[in-house]
Amino acid sequence: MGKPNGHSRQIITPFLWFDSQAEEAARFYTGLFANSRITHLSHYGEEGREVHGQPAGKVMVAGFELAGQRFSGLNGGPAFKPTPAISLFVQFDTEEEVNALWAGLSDGGAVLMPLDSYGWSTRYGWLNDRYGVSWQIMLRQEQDGGQTITPALMFSEVKYGRAAEAIAHYTGIFPGSATGPVRYRDAAEGEDAATVLFGHLTLFGQEFIIMDAPGSHGFRFTEGVSLMVSCETQAEIDRYWDQLTADGGQASKCGWLKDKFGVSWQITPTIMERLMASNDQATADRLMKAMLTMGKFDITALVAAARG
């Protein structure tokens, strides 16, 4: 993931919602980035079909790595779609890498900002790929050894002006957090003072980008892109769940929640991936049945369900 972040594993994983193309998308993305691979595939069983509506045997979650960073894709049906409110910001050290990735991701996609020279980079572009996932691709201006791919959160519409509040909120919740650098708009230039033009923060030592976007954009945060937090203990699950649902957040089902800004998170035990990777369909079915009864995950109950 670039420079060391003080953690031996990636704690927060960008989680992408697809209608039915999660495995296809994972293979498409891993073909575009160096140091990439499919890490695991889990499948739907008969259990819970009346809720998730997916046929038994279909891929449920595709786990993959891009440039050494972990991602997950869910086949969840048409309920949600990714939006540019959370994009994946890619920085490369060479123009050749920028051009090659742009060519791959733009094939069948939609350009939001053409690949060109801008004030912040001599080679930058923004697009939605063929699956609707949003990417910003840029020639790195300083070779600082940072992450290749960084989740970027855009606060727009009714959330405009809350990026600074979100930085303080998130860095106050997660260990290994830091703020900065953050560039604010200048009221002397007729801009909205104290709104974030472009900011950086780290959570668990992982880098994130955050910004306020004025004007009408026609999109918002949705479950189409969520942030999955892997927890070793029930105490971690309880703490992050309570803090992220506080002050107007909203609890949902199967470990999902929305925070007070509308950003979707999944608070998930690390043991879940190992349990779901079992080739025993009966185990997977028992887990699914247990998960569908939960909002916040209960590790003890999940392990008991897996064991039958």
# chains A, B, ... in the order shown; residues from 1 in each chain; ligands from 1
>>> residues_around(residues="Leu41 in chain A", least_positions_apart="3", cutoff="8 Å", atoms="only C-alpha atoms", output="count of residues only")
8
>>> residues_around(residues="Thr283 in chain A", least_positions_apart="2", cutoff="8 Å", atoms="only C-alpha atoms", output="ChimeraX atom specification")
/A:275,278,280-281,285-287,305-308
>>> residues_around(residues="range 73-80 of chain A", least_positions_apart="3", cutoff="12 Å", atoms="only C-alpha atoms", output="PyMOL selection string")
chain A and resi 13-27+29+38-44+49+51-55+57-65+70+83+131-133+220-228+264
>>> atom_distance(atom1="CA of Val90 in chain A", atom2="CA of Arg123 in chain A")
11.7 Å
>>> closest_residue(among="A:Met288, A:Val196, A:Ala187, A:Val111", to="Pro84 in chain A", atoms="only C-alpha atoms")
A:Val111
>>> residues_around(residues="Arg9 in chain A", least_positions_apart="6", cutoff="12 Å", atoms="only C-alpha atoms", output="VMD selection string")
chain A and resid 1 68 to 70 204 to 206 229 to 232 270
